[in-house]
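Enquirer: Below you'll find start-v1.cif; it's mmCIF, C-alpha atoms.
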```
data_protein
#
loop_
_atom_site.group_PDB
_atom_site.id
_atom_site.type_symbol
_atom_site.label_atom_id
_atom_site.label_comp_id
_atom_site.auth_asym_id
_atom_site.auth_seq_id
_atom_site.Cartn_x
_atom_site.Cartn_y
_atom_site.Cartn_z
ATOM 1 C CA GLY K 1 -75.590 -39.502 12.496
ATOM 2 C CA THR K 2 -74.850 -43.180 12.712
ATOM 3 C CA LYS K 3 -77.787 -45.468 13.391
ATOM 4 C CA ALA K 4 -77.187 -48.475 15.642
ATOM 5 C CA ILE K 5 -79.029 -51.566 16.783
ATOM 6 C CA LEU K 6 -77.793 -53.311 19.920
ATOM 7 C CA ALA K 7 -79.118 -56.871 19.938
ATOM 8 C CA HIS K 8 -78.592 -58.784 23.157
ATOM 9 C CA VAL K 9 -78.135 -62.435 22.262
ATOM 10 C CA GLY K 10 -76.905 -64.998 24.759
ATOM 11 C CA GLY K 11 -73.713 -66.895 24.101
ATOM 12 C CA PRO K 12 -69.954 -66.460 24.095
ATOM 13 C CA LEU K 13 -69.647 -64.480 20.835
ATOM 14 C CA CYS K 14 -70.230 -60.846 19.943
ATOM 15 C CA SER K 15 -70.511 -59.613 16.377
ATOM 16 C CA VAL K 16 -70.469 -56.283 14.575
ATOM 17 C CA ALA K 17 -71.817 -55.476 11.124
ATOM 18 C CA MET K 18 -71.263 -52.017 9.645
ATOM 19 C CA PHE K 19 -73.450 -51.169 6.640
ATOM 20 C CA PHE K 20 -73.067 -48.289 4.180
ATOM 21 C CA ALA K 21 -75.611 -47.466 1.478
ATOM 22 C CA THR K 22 -73.450 -47.822 -1.645
ATOM 23 C CA GLU K 23 -75.368 -47.731 -4.903
ATOM 24 C CA ALA K 24 -73.367 -48.221 -8.098
ATOM 25 C CA SER K 25 -73.929 -45.656 -10.840
ATOM 26 C CA ASP K 26 -71.714 -47.391 -13.410
ATOM 27 C CA ASN K 27 -69.754 -50.610 -14.026
ATOM 28 C CA LYS K 28 -66.375 -49.371 -12.714
ATOM 29 C CA GLY K 29 -66.588 -51.278 -9.448
ATOM 30 C CA LEU K 30 -65.695 -48.360 -7.154
ATOM 31 C CA VAL K 31 -67.790 -49.874 -4.369
ATOM 32 C CA HIS K 32 -66.110 -53.264 -4.599
ATOM 33 C CA CYS K 33 -62.583 -51.863 -4.958
ATOM 34 C CA LEU K 34 -62.989 -49.689 -1.873
ATOM 35 C CA GLU K 35 -64.282 -52.666 0.108
ATOM 36 C CA HIS K 36 -61.018 -54.498 -0.647
ATOM 37 C CA LEU K 37 -58.778 -51.519 0.099
ATOM 38 C CA CYS K 38 -60.293 -50.937 3.541
ATOM 39 C CA PHE K 39 -58.600 -54.128 4.763
ATOM 40 C CA MET K 40 -55.153 -53.074 3.512
ATOM 41 C CA GLY K 41 -54.252 -50.957 6.537
ATOM 42 C CA SER K 42 -55.501 -47.677 7.915
ATOM 43 C CA GLN K 43 -53.946 -44.287 8.496
ATOM 44 C CA LYS K 44 -53.208 -45.372 12.075
ATOM 45 C CA TYR K 45 -52.595 -49.148 11.784
ATOM 46 C CA PRO K 46 -50.383 -51.048 9.294
ATOM 47 C CA LYS K 47 -51.597 -53.714 6.900
ATOM 48 C CA GLY K 48 -52.017 -57.034 8.711
ATOM 49 C CA TYR K 49 -52.507 -55.596 12.202
ATOM 50 C CA LEU K 50 -56.318 -55.895 12.086
ATOM 51 C CA ASP K 51 -56.182 -59.596 11.171
ATOM 52 C CA PHE K 52 -53.500 -60.248 13.796
ATOM 53 C CA LEU K 53 -55.564 -58.543 16.515
ATOM 54 C CA ALA K 54 -58.824 -60.153 15.398
ATOM 55 C CA THR K 55 -57.265 -63.625 15.539
ATOM 56 C CA ARG K 56 -55.907 -62.936 19.031
ATOM 57 C CA CYS K 57 -59.433 -61.947 20.130
ATOM 58 C CA GLY K 58 -61.094 -65.168 18.997
ATOM 59 C CA CYS K 59 -62.146 -64.021 15.526
ATOM 60 C CA GLU K 60 -61.918 -66.244 12.509
ATOM 61 C CA GLY K 61 -61.062 -63.022 10.716
ATOM 62 C CA THR K 62 -62.801 -59.964 9.420
ATOM 63 C CA ASN K 63 -64.957 -59.959 6.312
ATOM 64 C CA ALA K 64 -66.917 -57.740 3.957
ATOM 65 C CA TYR K 65 -69.241 -58.025 1.010
ATOM 66 C CA THR K 66 -70.665 -55.686 -1.605
ATOM 67 C CA GLU K 67 -74.188 -55.834 -3.002
ATOM 68 C CA ALA K 68 -76.041 -53.594 -5.459
ATOM 69 C CA ASP K 69 -77.311 -51.261 -2.734
ATOM 70 C CA HIS K 70 -74.993 -51.670 0.255
ATOM 71 C CA THR K 71 -71.584 -52.730 1.521
ATOM 72 C CA CYS K 72 -71.184 -54.563 4.827
ATOM 73 C CA PHE K 73 -68.051 -54.976 6.947
ATOM 74 C CA GLU K 74 -68.292 -57.557 9.723
ATOM 75 C CA PHE K 75 -66.484 -59.550 12.388
ATOM 76 C CA GLU K 76 -67.256 -61.859 15.279
ATOM 77 C CA ALA K 77 -65.183 -61.933 18.482
ATOM 78 C CA ALA K 78 -64.990 -63.876 21.730
ATOM 79 C CA GLY K 79 -67.159 -61.895 24.135
ATOM 80 C CA GLN K 80 -67.252 -58.231 25.015
ATOM 81 C CA VAL K 81 -63.498 -58.082 25.695
ATOM 82 C CA GLY K 82 -62.690 -59.296 22.181
ATOM 83 C CA LEU K 83 -65.310 -57.023 20.645
ATOM 84 C CA LEU K 84 -63.973 -53.924 22.406
ATOM 85 C CA ALA K 85 -60.367 -54.738 21.507
ATOM 86 C CA VAL K 86 -61.056 -55.186 17.779
ATOM 87 C CA LEU K 87 -63.774 -52.567 17.262
ATOM 88 C CA PRO K 88 -61.674 -49.347 17.269
ATOM 89 C CA VAL K 89 -59.079 -50.833 14.896
ATOM 90 C CA PHE K 90 -61.820 -52.222 12.638
ATOM 91 C CA VAL K 91 -63.615 -48.860 12.500
ATOM 92 C CA ASP K 92 -60.347 -47.046 11.773
ATOM 93 C CA HIS K 93 -59.690 -49.327 8.775
ATOM 94 C CA ILE K 94 -63.111 -48.565 7.317
ATOM 95 C CA LEU K 95 -63.399 -44.844 8.046
ATOM 96 C CA CYS K 96 -59.695 -43.981 7.606
ATOM 97 C CA PRO K 97 -58.170 -46.510 5.176
ATOM 98 C CA ALA K 98 -54.565 -45.963 4.133
ATOM 99 C CA LEU K 99 -55.362 -46.247 0.399
ATOM 100 C CA THR K 100 -51.691 -46.687 -0.495
ATOM 101 C CA ASP K 101 -50.232 -47.079 -3.973
ATOM 102 C CA ASP K 102 -48.993 -50.570 -3.069
ATOM 103 C CA ALA K 103 -52.445 -51.655 -1.884
ATOM 104 C CA PHE K 104 -54.057 -50.273 -5.056
ATOM 105 C CA THR K 105 -51.539 -52.149 -7.205
ATOM 106 C CA THR K 106 -51.996 -55.451 -5.361
ATOM 107 C CA GLU K 107 -55.740 -55.357 -4.764
ATOM 108 C CA ILE K 108 -57.147 -53.503 -7.789
ATOM 109 C CA HIS K 109 -55.006 -53.900 -10.916
ATOM 110 C CA HIS K 110 -51.506 -53.897 -12.324
ATOM 111 C CA VAL K 111 -49.494 -55.354 -15.182
ATOM 112 C CA ASN K 112 -46.899 -57.908 -14.087
ATOM 113 C CA GLY K 113 -43.389 -58.351 -15.500
ATOM 114 C CA LYS K 114 -44.746 -60.659 -18.226
ATOM 115 C CA GLY K 115 -47.187 -58.035 -19.467
ATOM 116 C CA GLU K 116 -50.187 -59.812 -17.912
ATOM 117 C CA ARG K 117 -52.975 -57.912 -16.173
ATOM 118 C CA GLN K 118 -53.413 -58.864 -12.540
ATOM 119 C CA GLY K 119 -54.866 -57.657 -9.246
ATOM 120 C CA VAL K 120 -57.205 -59.310 -6.753
ATOM 121 C CA VAL K 121 -60.348 -57.401 -7.805
ATOM 122 C CA PHE K 122 -59.480 -57.491 -11.523
ATOM 123 C CA SER K 123 -58.926 -61.278 -11.399
ATOM 124 C CA GLU K 124 -62.064 -61.890 -9.323
ATOM 125 C CA MET K 125 -64.218 -59.942 -11.754
ATOM 126 C CA LEU K 126 -62.568 -61.524 -14.800
ATOM 127 C CA GLY K 127 -63.778 -64.838 -13.392
ATOM 128 C CA ARG K 128 -67.268 -63.426 -12.966
ATOM 129 C CA VAL K 129 -67.663 -62.106 -16.509
ATOM 130 C CA THR K 130 -66.663 -65.493 -17.897
ATOM 131 C CA ASP K 131 -69.251 -67.280 -15.744
ATOM 132 C CA GLU K 132 -72.497 -67.911 -17.626
ATOM 133 C CA GLU K 133 -74.710 -67.815 -14.527
ATOM 134 C CA GLU K 134 -73.219 -64.489 -13.358
ATOM 135 C CA MET K 135 -73.687 -62.873 -16.774
ATOM 136 C CA LEU K 136 -77.275 -64.136 -17.018
ATOM 137 C CA ASP K 137 -77.945 -62.563 -13.618
ATOM 138 C CA LEU K 138 -76.542 -59.214 -14.794
ATOM 139 C CA GLU K 139 -78.635 -59.286 -17.984
ATOM 140 C CA ARG K 140 -81.740 -60.251 -15.960
ATOM 141 C CA ARG K 141 -81.215 -57.300 -13.626
ATOM 142 C CA ARG K 142 -80.761 -54.951 -16.591
ATOM 143 C CA ALA K 143 -83.986 -56.237 -18.176
ATOM 144 C CA VAL K 144 -85.974 -55.938 -14.938
ATOM 145 C CA PHE K 145 -84.657 -52.632 -13.576
ATOM 146 C CA GLY K 146 -83.678 -50.721 -16.724
ATOM 147 C CA ASP K 147 -80.429 -48.946 -17.484
ATOM 148 C CA ALA K 148 -80.489 -46.253 -14.769
ATOM 149 C CA SER K 149 -80.964 -48.441 -11.674
ATOM 150 C CA PRO K 150 -78.078 -49.389 -9.348
ATOM 151 C CA TYR K 151 -79.309 -52.970 -9.771
ATOM 152 C CA SER K 152 -78.502 -52.800 -13.509
ATOM 153 C CA PHE K 153 -74.769 -52.346 -13.019
ATOM 154 C CA GLU K 154 -72.043 -54.852 -12.275
ATOM 155 C CA TYR K 155 -71.279 -53.319 -8.891
ATOM 156 C CA GLY K 156 -68.182 -55.522 -8.582
ATOM 157 C CA GLY K 157 -66.821 -53.869 -11.715
ATOM 158 C CA LEU K 158 -66.264 -54.972 -15.291
ATOM 159 C CA PRO K 159 -62.581 -55.806 -15.881
ATOM 160 C CA ASP K 160 -62.052 -53.325 -18.737
ATOM 161 C CA LEU K 161 -63.463 -50.504 -16.577
ATOM 162 C CA ILE K 162 -61.585 -51.564 -13.431
ATOM 163 C CA LEU K 163 -58.411 -50.975 -15.447
ATOM 164 C CA LYS K 164 -59.413 -47.316 -15.843
ATOM 165 C CA LEU K 165 -59.909 -46.673 -12.110
ATOM 166 C CA THR K 166 -57.409 -44.567 -10.230
ATOM 167 C CA LYS K 167 -56.584 -44.384 -6.550
ATOM 168 C CA ALA K 168 -57.904 -40.797 -6.633
ATOM 169 C CA ASP K 169 -61.293 -42.059 -7.901
ATOM 170 C CA ILE K 170 -61.532 -44.461 -4.973
ATOM 171 C CA ALA K 171 -60.371 -41.891 -2.404
ATOM 172 C CA SER K 172 -62.980 -39.421 -3.669
ATOM 173 C CA TYR K 173 -65.718 -42.069 -3.469
ATOM 174 C CA HIS K 174 -64.664 -42.969 0.084
ATOM 175 C CA LYS K 175 -64.817 -39.340 1.195
ATOM 176 C CA GLN K 176 -68.272 -38.919 -0.332
ATOM 177 C CA VAL K 177 -69.934 -42.174 0.791
ATOM 178 C CA TYR K 178 -68.139 -43.601 3.850
ATOM 179 C CA THR K 179 -69.481 -41.025 6.291
ATOM 180 C CA THR K 180 -70.979 -41.524 9.721
ATOM 181 C CA ASP K 181 -74.269 -40.120 8.381
ATOM 182 C CA ASN K 182 -74.389 -43.034 5.932
ATOM 183 C CA LEU K 183 -73.468 -45.702 8.493
ATOM 184 C CA PHE K 184 -75.748 -48.293 10.076
ATOM 185 C CA VAL K 185 -74.245 -50.552 12.766
ATOM 186 C CA VAL K 186 -75.584 -53.775 14.276
ATOM 187 C CA VAL K 187 -73.902 -55.164 17.404
ATOM 188 C CA SER K 188 -75.094 -58.504 18.730
ATOM 189 C CA GLY K 189 -74.074 -60.781 21.581
ATOM 190 C CA THR K 190 -73.626 -60.428 25.320
ATOM 191 C CA PHE K 191 -72.226 -56.983 26.156
ATOM 192 C CA ASP K 192 -72.761 -53.923 28.319
ATOM 193 C CA ASP K 193 -74.491 -51.128 26.349
ATOM 194 C CA ASP K 194 -72.422 -48.403 28.009
ATOM 195 C CA SER K 195 -69.183 -50.089 26.960
ATOM 196 C CA VAL K 196 -70.144 -50.380 23.309
#
```
When written as structure tokens, how does the structure in this file appear?

Expert:
Amino acid sequence: GTKAILAHVGGPLCSVAMFFATEASDNKGLVHCLEHLCFMGSQKYPKGYLDFLATRCGCEGTNAYTEADHTCFEFEAAGQVGLLAVLPVFVDHILCPALTDDAFTTEIHHVNGKGERQGVVFSEMLGRVTDEEEMLDLERRRAVFGDASPYSFEYGGLPDLILKLTKADIASYHKQVYTTDNLFVVVSGTFDDDSV
């Protein structure tokens, strides 16, 4: 099951970090694409509701990042009340994302009316593969870890391979990896254990 650490830290803020072990096995960027899609609404809540609620509960917003061996989703709220208001909606977005066609088109990739390739993830990674420092880092990791290691892949995705991803690929990956048995949660701040 899910592993959790409850860290009691004095102060007005409470934070949650949800970690999944997510090792890349290729350069398609499945891990990174799914991270983006989780914030585009859930099966229960529409796109934008999580950010609206988080802002009302003293959050600066929700965030996530992807690394070679894990993905983390996180937020910080004003006290236990804010934490408990945001937490169920936040968890629903991550464990039950909507994964709509519109979200895939906007966040992952599409061709606009001028015949140009676009999409948030596609554009982000296009910037990365044209950055000398980023490409040197990828080549260094390949040299150090070899071709079969998760650290040898561009876990954010290479643009030409992102273009080949489908929504079905991402949905299948989510079902396989985003399970409660693969979830590690850290809650910190001032809160009542029984409430969390």

Enquirer: Apply the PyMOL selection byres ((chain K and resi 66) around 12) to the file shown and report the selected residues as number ranges by chain.

Expert: K: 18-24, 29-36, 63-65, 67-74, 154-157

Enquirer: What's the 7 Å shell around Phe122 of chain K, counting all atoms listed in the file, without same-chain residues fewer than 6 positions away, as a list in words?

Expert: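 Counting all atoms listed in the file, the residues come to Ile108, His109, Pro159 and Ile162 of chain K.
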
Enquirer: Tell me which residues the PyMOL selection byres ((chain K and resi 189) around 9) grabs here, as a PDB file with C-alpha atoms, in the frame of the given file.

Expert:
```
ATOM      1  CA  LEU K   6     -77.793 -53.311  19.920  1.00  0.00           C
ATOM      2  CA  ALA K   7     -79.118 -56.871  19.938  1.00  0.00           C
ATOM      3  CA  HIS K   8     -78.592 -58.784  23.157  1.00  0.00           C
ATOM      4  CA  VAL K   9     -78.135 -62.435  22.262  1.00  0.00           C
ATOM      5  CA  GLY K  10     -76.905 -64.998  24.759  1.00  0.00           C
ATOM      6  CA  GLY K  11     -73.713 -66.895  24.101  1.00  0.00           C
ATOM      7  CA  PRO K  12     -69.954 -66.460  24.095  1.00  0.00           C
ATOM      8  CA  LEU K  13     -69.647 -64.480  20.835  1.00  0.00           C
ATOM      9  CA  CYS K  14     -70.230 -60.846  19.943  1.00  0.00           C
ATOM     10  CA  SER K  15     -70.511 -59.613  16.377  1.00  0.00           C
ATOM     11  CA  GLY K  79     -67.159 -61.895  24.135  1.00  0.00           C
ATOM     12  CA  GLN K  80     -67.252 -58.231  25.015  1.00  0.00           C
ATOM     13  CA  VAL K 187     -73.902 -55.164  17.404  1.00  0.00           C
ATOM     14  CA  SER K 188     -75.094 -58.504  18.730  1.00  0.00           C
ATOM     15  CA  THR K 190     -73.626 -60.428  25.320  1.00  0.00           C
ATOM     16  CA  PHE K 191     -72.226 -56.983  26.156  1.00  0.00           C
TER      17      PHE K 191
END
```

Enquirer: Using all atoms listed in the file for the distances, tell me which of K:Glu133, K:Phe39, K:Leu163, K:Val186 is nearest to Ala17 of chain K.

Expert: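 The closest residue to Ala17 of chain K is K:Val186.
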
Enquirer: Quick one: residues within 9 Å of segment 41-43 of chain K, all atoms listed in the file counted, chain neighbours fewer than 4 positions away excluded, as a list in words?

Expert: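 In the requested form, the answer reads Leu37, Lys47, Gly48, Tyr49, Leu50, Val89, Asp92, His93, Ile94, Leu95, Cys96, Pro97, Ala98, Leu99, Thr100 and Ala103 of chain K.
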
Enquirer: Just say which residues the PyMOL selection byres ((chain K and resi 60) around 9) picks in this file, as a PyMOL selection string.

Expert: chain K and resi 51+54-55+58-59+61-62+75-77

Enquirer: Now that the selection is made, can you save its residues with C-alpha atoms as a compact mmCIF listing (two decimals), in the coordinates of the input?

Expert:
```txt
# COMPACT_ATOMS: atom_id res chain seq x y z
CA ASP K 51 -56.18 -59.60 11.17
CA ALA K 54 -58.82 -60.15 15.40
CA THR K 55 -57.26 -63.62 15.54
CA GLY K 58 -61.09 -65.17 19.00
CA CYS K 59 -62.15 -64.02 15.53
CA GLY K 61 -61.06 -63.02 10.72
CA THR K 62 -62.80 -59.96 9.42
CA PHE K 75 -66.48 -59.55 12.39
CA GLU K 76 -67.26 -61.86 15.28
CA ALA K 77 -65.18 -61.93 18.48
```

Enquirer: Which residue gives the smallest distance to Met40 of chain K among K:Asp102, K:Thr166, K:Tyr173, K:Leu126, with only C-alpha atoms counted?

Expert: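 So, comparing all the options, the nearest one is K:Asp102.
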
Enquirer: As an exercise, work out the distance from atom CA of Thr106 of chain K to atom CA of Gly119 of chain K in Å and give it to one decimal place.

Expert: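 Result for atom CA of Thr106 of chain K versus atom CA of Gly119 of chain K: 5.3 Å, one decimal.
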
Enquirer: For Leu138 of chain K, which residue among K:Phe52, K:Tyr45, K:Phe90, K:Tyr151 is the nearest when counting all atoms listed in the file?

Expert: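 Looking at the shortest contact to Leu138 of chain K, the residue is K:Tyr151.
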
Enquirer: Between K:Ser25, K:Ser123, K:Val86, K:Ala4, which residue has the minimum interatomic distance to Leu53 of chain K, considering all atoms listed in the file?

Expert: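 Going through K:Ser25, K:Ser123, K:Val86, K:Ala4 one by one, the smallest distance to Leu53 of chain K is for K:Val86.
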
Enquirer: In Å, with one decimal, what is the gap from atom CA of Lys28 of chain K to atom CA of Phe153 of chain K?

Expert: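 Here the two named atoms are 8.9 Å from each other.
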
Enquirer: Using atom CA of Asn27 of chain K and atom CA of Val121 of chain K as the two end points, give the distance in Å to one decimal.

Expert: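 Spanning atom CA of Asn27 of chain K to atom CA of Val121 of chain K is a straight-line distance of 13.2 Å.
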
Enquirer: Which residue gives the smallest distance to Ala148 of chain K among K:Gly127, K:Ile5, K:Asp26, K:Val177, with all atoms listed in the file counted?

Expert: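 With all atoms listed in the file as the atom set, the closest residue is K:Asp26.
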
Enquirer: Rank K:His110, K:Val129, K:Gly146, K:Val81 by their smallest atom-to-atom distance to Asp192 of chain K, using all atoms listed in the file, and report the top residue only.

Expert: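 The answer is K:Val81, which sits nearest to Asp192 of chain K.
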
Enquirer: So for segment 115-119 of chain K, what box centre and size do we get, axis-aligned, 3 Å extra on each of the six sides, every listed atom, Å to one decimal, as AutoDock Vina command-line options?

Expert:
```
--center_x -51.0 --center_y -58.7 --center_z -14.4 --size_x 13.7 --size_y 8.2 --size_z 16.2
```
